[in-house]
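Q: See target_10.txt below, with compact mmCIF, C-alpha atoms.
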# COMPACT_ATOMS: atom_id res chain seq x y z
CA MET I 1 37.09 104.70 112.22
CA VAL I 2 34.85 104.44 109.15
CA PRO I 3 37.74 104.73 106.60
CA ARG I 4 39.60 101.95 108.46
CA ILE I 5 36.56 99.63 108.26
CA ALA I 6 36.16 100.43 104.55
CA LEU I 7 39.85 99.63 103.98
CA HIS I 8 39.54 96.25 105.70
CA PHE I 9 36.39 95.49 103.69
CA THR I 10 38.17 96.33 100.44
CA TRP I 11 41.05 93.97 101.27
CA LEU I 12 38.52 91.26 102.14
CA LEU I 13 36.84 91.65 98.74
CA LEU I 14 40.19 91.46 96.98
CA ALA I 15 41.08 88.31 98.89
CA VAL I 16 37.76 86.69 97.93
CA CYS I 17 38.22 87.60 94.27
CA VAL I 18 41.73 86.14 94.23
CA HIS I 19 40.56 82.96 95.97
CA ALA I 20 37.53 82.46 93.72
CA GLY I 21 39.24 80.67 90.88
CA SER I 22 37.65 79.18 87.79
CA LEU I 23 36.68 75.55 87.32
CA SER I 24 37.48 73.44 84.30
CA LEU I 25 37.00 69.89 83.01
CA GLN I 26 39.69 67.36 82.27
CA ASN I 27 39.22 64.34 80.02
CA PRO I 28 35.49 64.71 79.43
CA ARG I 29 34.51 61.60 77.50
CA PHE I 30 31.33 59.85 76.44
CA THR I 31 30.63 56.28 75.41
CA ILE I 32 27.48 54.83 73.85
CA THR I 33 26.92 51.09 74.20
CA SER I 34 24.14 48.80 73.06
CA SER I 35 22.16 46.30 75.11
CA THR I 36 24.80 43.66 74.22
CA ALA I 37 27.59 45.88 75.65
CA ALA I 38 28.90 46.58 72.14
CA GLN I 39 30.49 50.00 71.87
CA LEU I 40 28.62 52.08 69.30
CA ARG I 41 30.38 55.40 69.67
CA ALA I 42 33.02 56.93 71.93
CA ASP I 43 34.85 60.21 71.83
CA THR I 44 36.43 62.95 73.91
CA LEU I 45 34.38 66.11 74.36
CA SER I 46 35.66 69.56 73.52
CA LEU I 47 34.78 72.48 75.79
CA THR I 48 34.79 74.94 72.89
CA GLU I 49 32.87 73.06 70.20
CA LYS I 50 30.03 70.56 70.34
CA PRO I 51 30.47 67.20 68.60
CA GLU I 52 28.01 65.73 66.16
CA PRO I 53 24.67 65.13 67.91
CA LEU I 54 24.52 61.92 69.89
CA LYS I 55 21.68 59.49 69.33
CA LEU I 56 20.38 56.81 71.68
CA GLU I 57 18.08 53.94 70.83
CA PRO I 58 15.56 52.53 73.35
CA SER I 59 18.08 49.97 74.63
CA ASP I 60 21.31 52.03 74.42
CA THR I 61 23.31 53.38 77.34
CA LEU I 62 25.25 56.64 77.50
CA LYS I 63 28.24 56.86 79.85
CA LEU I 64 29.83 60.21 80.63
CA THR I 65 33.04 60.63 82.62
CA PHE I 66 35.06 63.73 83.51
CA GLN I 67 37.14 65.33 86.24
CA ILE I 68 36.54 68.78 87.67
CA THR I 69 39.71 70.77 88.30
CA GLU I 70 40.84 74.26 89.13
CA LYS I 71 41.87 75.98 85.94
CA SER I 72 44.90 77.65 87.53
CA GLU I 73 46.40 74.75 89.48
CA GLY I 74 44.90 71.75 87.68
CA LYS I 75 44.03 70.13 91.01
CA GLY I 76 40.84 68.09 91.26
CA VAL I 77 38.11 69.71 93.36
CA GLN I 78 34.63 68.76 94.47
CA PRO I 79 32.03 71.49 93.76
CA HIS I 80 29.17 71.93 96.15
CA GLN I 81 26.63 71.25 93.38
CA THR I 82 26.96 69.46 90.06
CA PHE I 83 24.05 69.00 87.66
CA LEU I 84 23.39 67.83 84.13
CA ARG I 85 20.70 69.84 82.41
CA PHE I 86 18.61 68.33 79.60
CA TYR I 87 16.80 71.12 77.76
CA ASP I 88 14.38 70.99 74.83
CA SER I 89 14.62 74.39 73.17
CA VAL I 90 11.44 73.81 71.14
CA SER I 91 9.03 72.82 73.90
CA GLY I 92 10.84 74.63 76.70
CA GLU I 93 10.87 71.48 78.85
CA GLU I 94 13.94 70.75 80.91
CA GLY I 95 15.23 68.19 83.37
CA ILE I 96 17.92 68.49 86.02
CA GLN I 97 19.93 65.43 87.06
CA PRO I 98 22.37 65.64 90.01
CA VAL I 99 25.79 64.12 89.45
CA ARG I 100 27.90 62.62 92.25
CA VAL I 101 31.49 63.88 92.35
CA THR I 102 34.32 62.41 94.42
CA PRO I 103 36.55 64.62 96.62
CA GLY I 104 39.17 64.36 93.87
CA GLY I 105 36.74 65.86 91.32
CA LYS I 106 36.06 62.66 89.36
CA ALA I 107 32.51 62.07 88.19
CA LYS I 108 30.65 59.44 86.21
CA PHE I 109 27.11 59.56 84.85
CA GLU I 110 25.16 56.81 83.14
CA LEU I 111 21.93 57.18 81.17
CA ASN I 112 20.21 53.88 80.41
CA MET I 113 17.32 54.39 78.01
CA ALA I 114 15.80 51.08 79.11
CA ARG I 115 15.30 52.71 82.52
CA PRO I 116 15.41 56.48 81.94
CA PRO I 117 15.51 58.69 85.05
CA ALA I 118 12.42 60.57 86.11
CA SER I 119 14.31 63.84 85.68
CA LEU I 120 14.48 63.35 81.90
CA PRO I 121 11.93 65.74 80.34
CA PRO I 122 9.26 64.63 77.86
CA THR I 123 11.04 64.11 74.55
CA THR I 124 10.06 64.45 70.91
CA ASP I 125 12.02 64.19 67.68
CA HIS I 126 13.97 67.33 68.63
CA PRO I 127 17.38 66.99 70.33
CA LEU I 128 18.01 67.76 73.97
CA GLU I 129 20.72 70.29 74.74
CA VAL I 130 22.92 68.73 77.43
CA SER I 131 24.97 71.05 79.62
CA LEU I 132 26.94 70.68 82.85
CA ILE I 133 26.32 73.16 85.68
CA LEU I 134 28.87 73.58 88.47
CA GLY I 135 28.15 75.56 91.62
CA SER I 136 30.62 76.33 94.38
CA PHE I 137 30.99 78.74 97.28
CA VAL I 138 34.71 79.20 96.69
CA HIS I 139 34.80 79.11 92.89
CA GLU I 140 33.01 80.93 90.15
CA PRO I 141 29.88 79.08 88.96
CA THR I 142 30.45 77.55 85.54
CA THR I 143 28.31 76.05 82.80
CA PHE I 144 29.65 73.84 79.99
CA ASP I 145 27.61 73.08 76.87
CA LEU I 146 28.50 69.45 76.19
CA PHE I 147 26.46 68.07 73.28
CA ASP I 148 23.04 67.64 71.69
CA LEU I 149 21.32 64.34 72.37
CA TYR I 150 18.60 62.55 70.40
CA VAL I 151 16.58 60.11 72.51
CA PRO I 152 13.46 58.10 71.66
CA SER I 153 10.23 60.05 71.87
CA SER I 154 8.50 59.57 75.18
CA TYR I 155 4.94 58.39 75.51
CA THR I 156 2.23 60.88 76.23
CA PRO I 157 1.78 60.83 79.99
CA ALA I 158 -1.59 59.78 81.31
CA PRO I 159 -3.68 62.74 82.44
CA HIS I 160 -3.83 63.33 86.15
CA PRO I 161 -7.25 62.67 87.73
CA ASP I 162 -7.40 66.27 88.99
CA GLU I 163 -6.14 67.85 85.77
CA ALA I 164 -9.63 69.00 84.73
CA LYS I 165 -9.89 71.10 87.90
CA PHE I 166 -7.09 73.36 86.65
CA HIS I 167 -8.57 73.99 83.20
CA GLU I 168 -10.62 77.04 82.38
CA LEU I 169 -14.18 76.39 83.45
CA PRO I 170 -17.23 77.54 81.47
CA LEU I 171 -18.98 80.69 82.55
CA ILE I 172 -21.62 80.29 85.22
CA HIS I 173 -25.04 81.42 84.05
CA HIS I 174 -27.40 82.08 86.94
CA THR I 175 -31.00 81.11 86.49
CA PHE I 176 -33.37 83.07 88.67
CA ARG I 177 -36.89 82.07 89.49
CA PRO I 178 -39.55 84.27 87.92
CA GLU I 179 -41.08 86.90 90.14
CA GLN I 180 -43.97 85.74 92.24
CA LYS I 181 -47.31 86.62 90.73
CA LEU I 182 -49.50 88.73 92.99
CA PRO I 183 -53.19 87.89 93.26
CA PRO I 184 -55.75 90.37 91.96
CA LYS I 185 -56.47 93.34 94.17
CA PHE I 186 -60.05 92.20 94.72
CA VAL I 187 -58.88 88.88 96.14
CA SER I 188 -56.39 90.66 98.42
CA ALA I 189 -59.11 93.01 99.63
CA VAL I 190 -61.47 90.10 100.42
CA PHE I 191 -58.89 88.28 102.50
CA ALA I 192 -57.87 91.51 104.26
CA ALA I 193 -61.51 91.99 105.22
CA LEU I 194 -61.67 88.44 106.54
CA VAL I 195 -58.60 89.10 108.70
CA LEU I 196 -60.09 92.33 110.09
CA SER I 197 -63.60 90.90 110.58
CA PRO I 198 -62.94 89.64 114.14
CA TRP I 199 -62.12 93.19 115.17
CA LEU I 200 -65.39 94.40 113.65
CA VAL I 201 -67.28 91.72 115.57
CA LEU I 202 -65.48 92.67 118.78
CA LEU I 203 -66.24 96.37 118.38
CA GLY I 204 -69.86 95.53 117.63
CA LEU I 205 -70.19 93.43 120.77
CA TRP I 206 -68.51 96.15 122.84
CA SER I 207 -71.05 98.66 121.51
CA LYS I 208 -73.90 96.35 122.61
CA ILE I 209 -72.49 95.62 126.04
CA GLY I 210 -71.30 99.10 126.71
CA VAL I 211 -67.81 98.40 127.97
CA ARG I 212 -66.49 101.12 130.20
CA VAL I 213 -62.80 101.79 130.78
CA PRO I 214 -62.81 104.90 132.97
CA HIS I 215 -59.21 104.53 134.09
CA LEU I 216 -57.69 103.70 130.68
CA PHE I 217 -55.92 107.04 130.40
CA SER I 218 -54.96 107.25 134.05
CA PRO I 219 -51.31 108.26 134.68
CA ARG I 220 -50.72 104.86 136.33
CA ILE I 221 -52.32 102.89 133.47
CA ILE I 222 -51.33 104.79 130.30
CA PRO I 223 -47.61 103.75 130.42
CA PHE I 224 -48.57 100.06 130.40
CA THR I 225 -51.03 100.67 127.53
CA VAL I 226 -48.40 102.52 125.50
CA LEU I 227 -45.85 99.76 126.03
CA LEU I 228 -48.35 97.11 124.91
CA GLY I 229 -48.93 99.19 121.78
CA ALA I 230 -45.15 99.32 121.28
CA PHE I 231 -45.06 95.51 121.33
CA GLU I 232 -47.79 95.40 118.69
CA ALA I 233 -45.87 97.88 116.55
CA LEU I 234 -42.71 95.79 116.97
CA LEU I 235 -44.51 92.68 115.69
CA CYS I 236 -45.80 94.62 112.68
CA TRP I 237 -42.29 95.92 112.02
CA TYR I 238 -40.98 92.34 112.24
CA TRP I 239 -43.53 91.26 109.66
CA VAL I 240 -42.41 94.05 107.31
CA ASP I 241 -38.64 94.39 107.74
CA LEU I 242 -36.96 93.14 110.92
CA LYS I 243 -35.18 89.84 111.48
CA LEU I 244 -35.78 87.47 114.36
CA GLY I 245 -32.60 88.44 116.20
CA GLN I 246 -33.54 92.12 116.06
CA VAL I 247 -37.06 91.39 117.33
CA LEU I 248 -35.65 89.46 120.30
CA LEU I 249 -33.25 92.31 121.09
CA TYR I 250 -35.84 95.07 120.90
CA GLY I 251 -38.42 92.93 122.66
CA GLY I 252 -36.00 92.26 125.53
CA ILE I 253 -35.41 96.00 125.89
CA LEU I 254 -39.16 96.74 125.92
CA ALA I 255 -39.86 93.92 128.37
CA VAL I 256 -38.03 95.62 131.25
CA PRO I 257 -40.17 98.81 131.48
CA THR I 258 -43.30 96.81 130.57
CA ILE I 259 -42.86 94.58 133.64
CA PHE I 260 -42.63 97.56 136.00
CA ALA I 261 -45.45 99.42 134.25
CA GLY I 262 -47.63 96.31 134.42
CA LYS I 263 -47.03 95.89 138.16
CA THR I 264 -47.96 99.54 138.70
CA ALA I 265 -51.11 99.20 136.59
CA LEU I 266 -52.11 95.99 138.37
CA ALA I 267 -51.63 97.59 141.78
CA ALA I 268 -53.69 100.61 140.74
CA THR I 269 -56.49 98.36 139.44
CA GLY I 270 -56.54 96.47 142.73
CA GLU I 271 -56.85 99.70 144.68
CA TRP I 272 -59.75 100.86 142.51
CA ARG I 273 -61.58 97.56 142.93
CA THR I 274 -61.20 97.58 146.73
CA GLY I 275 -62.25 101.20 146.91
CA GLN I 276 -59.00 102.42 148.44
CA ASN I 277 -58.65 105.16 145.83
Would you encode the structure as structure tokens?
A:
Amino acid sequence: MVPRIALHFTWLLLAVCVHAGSLSLQNPRFTITSSTAAQLRADTLSLTEKPEPLKLEPSDTLKLTFQITEKSEGKGVQPHQTFLRFYDSVSGEEGIQPVRVTPGGKAKFELNMARPPASLPPTTDHPLEVSLILGSFVHEPTTFDLFDLYVPSSYTPAPHPDEAKFHELPLIHHTFRPEQKLPPKFVSAVFAALVLSPWLVLLGLWSKIGVRVPHLFSPRIIPFTVLLGAFEALLCWYWVDLKLGQVLLYGGILAVPTIFAGKTALAATGEWRTGQN
């Protein structure tokens, strides 16, 4: 089965190769006229040798005519794609201009320098290499080098408003603020003492009053006391390292056992006050 498929494929390739003939040009001719319709130069193009370079003035017009044929039969054909390529070998700029071809293969192109097409590349005092490109699904693609063309130098195009965004930008030098100056240790110690002074006053008053907390370490009270201390530690940790979202998360987790421990401690305190226990 496989050799039979390979045989059919080979015959198909041979048929395609036989059918894919070459394309040629018949009667390629150019004419240069002035703005007054006076003929300045006209000649037939050779497919093997370029003519003397053509030159157009700002008001001249170049007319190019030819017919595309099959090289074997000489019958006019219409390729799927036909382009004229204008190439500046010095700057590397190029322009591609589509050419309309009739079903019989006849084509005509006109270049009016008073109204040059947008596809014409930026020009200098160097000639443009003009070539004809033919593309077809049933014929071999072909390129013909036609002639060299001198055209007036184009004006420098105005810069695009966003052109500067695509240039290389200068390096970014970051400027950091200087490190914050810390106050002297004595000043820090004074203000730390002022912050802790209310606790000293509170402890002093407790020592005068003689506050008694006999049930502080009771099994029903100590869980609530430990959880309150955990909240204080969480706030200190937040001041040192944690973020607000983390504090809310950890605080929400601690709040659940604290609520139950607080209810237990409150119930125990009520029993002690009423003398039930």
Q: Point out the residue among I:Ile221, I:Ala114, I:Leu169, I:Leu40 with the least atom-to-atom distance to I:Trp272, counting all atoms listed in the file.
A: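 Using all atoms listed in the file, I:Trp272 sits closest to I:Ile221.
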Q: From the set I:Ile133, I:Ile209, I:Phe231, I:Ala268, which residue has the shortest atom-to-atom contact distance to I:Ile253, counting all atoms listed in the file?
A: I:Phe231
Q: Between I:Val101, I:Gly245, I:Trp239, I:Val226, which one has atoms that come closest to I:Ala261, using only C-alpha atoms?
A: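 Closest residue, counting only C-alpha atoms: I:Val226.
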Q: Around (38.7, 71.6, 82.6) in the file's own coordinates, what residues are found within 7 Å if you use only C-alpha atoms, given back as a list in words?
A: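 Those residues, ordered by chain and then number, are Leu23, Ser24, Leu25, Gln26, Ile68, Thr69 and Lys71 of chain I.
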Q: Determine the nearest neighbour of I:Leu149 from the options I:Lys181, I:Lys208, I:Arg29, I:His126, counting all atoms listed in the file.
A: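 Once distances to I:Leu149 are computed over all atoms listed in the file, the minimum belongs to I:His126.
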Q: Can you tell me which residues surround I:Arg100 at a distance of at most 8 Å, considering all atoms listed in the file, apart from same-chain residues fewer than 3 positions away, and format the answer as a list in words?
A: Thr82, Ala107 and Lys108 of chain I
Q: May I have the residues within 10 Å of I:Asp60 as a list in words, using only C-alpha atoms and disregarding those fewer than 2 positions away in the same chain?
A: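 In the requested format, the answer is Ile32, Thr33, Ser34, Ser35, Thr36, Ala37, Ala38, Gln39, Leu40, Lys55, Leu56, Glu57, Pro58, Leu62, Leu111, Asn112, Met113, Ala114 and Val151 of chain I.
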Q: Which neighbours of I:Val247 fall inside 10 Å, counting only C-alpha atoms, when residues of the same chain fewer than 4 positions from it are skipped, and could you give them as a PDB file with C-alpha atoms, in the coordinates of the input?
A:
ATOM      1  CA  PHE I 231     -45.060  95.510 121.330  1.00  0.00           C
ATOM      2  CA  LEU I 234     -42.710  95.790 116.970  1.00  0.00           C
ATOM      3  CA  LEU I 235     -44.510  92.680 115.690  1.00  0.00           C
ATOM      4  CA  TRP I 237     -42.290  95.920 112.020  1.00  0.00           C
ATOM      5  CA  TYR I 238     -40.980  92.340 112.240  1.00  0.00           C
ATOM      6  CA  LEU I 242     -36.960  93.140 110.920  1.00  0.00           C
ATOM      7  CA  LYS I 243     -35.180  89.840 111.480  1.00  0.00           C
ATOM      8  CA  GLY I 251     -38.420  92.930 122.660  1.00  0.00           C
ATOM      9  CA  GLY I 252     -36.000  92.260 125.530  1.00  0.00           C
ATOM     10  CA  ILE I 253     -35.410  96.000 125.890  1.00  0.00           C
TER      11      ILE I 253
END
Q: Which one of I:Asp125, I:Glu271, I:Glu232, I:Glu70 sits closest to I:Thr142 if you count all atoms listed in the file?
A: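 Among the listed residues, the smallest separation from I:Thr142 belongs to I:Glu70.
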Q: Rank nothing, just name the residue among I:Asp88, I:Glu140, I:Asp241, I:Glu168 nearest to I:Pro121, using all atoms listed in the file.
A: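 Ranking I:Asp88, I:Glu140, I:Asp241, I:Glu168 by distance to I:Pro121, first place goes to I:Asp88.
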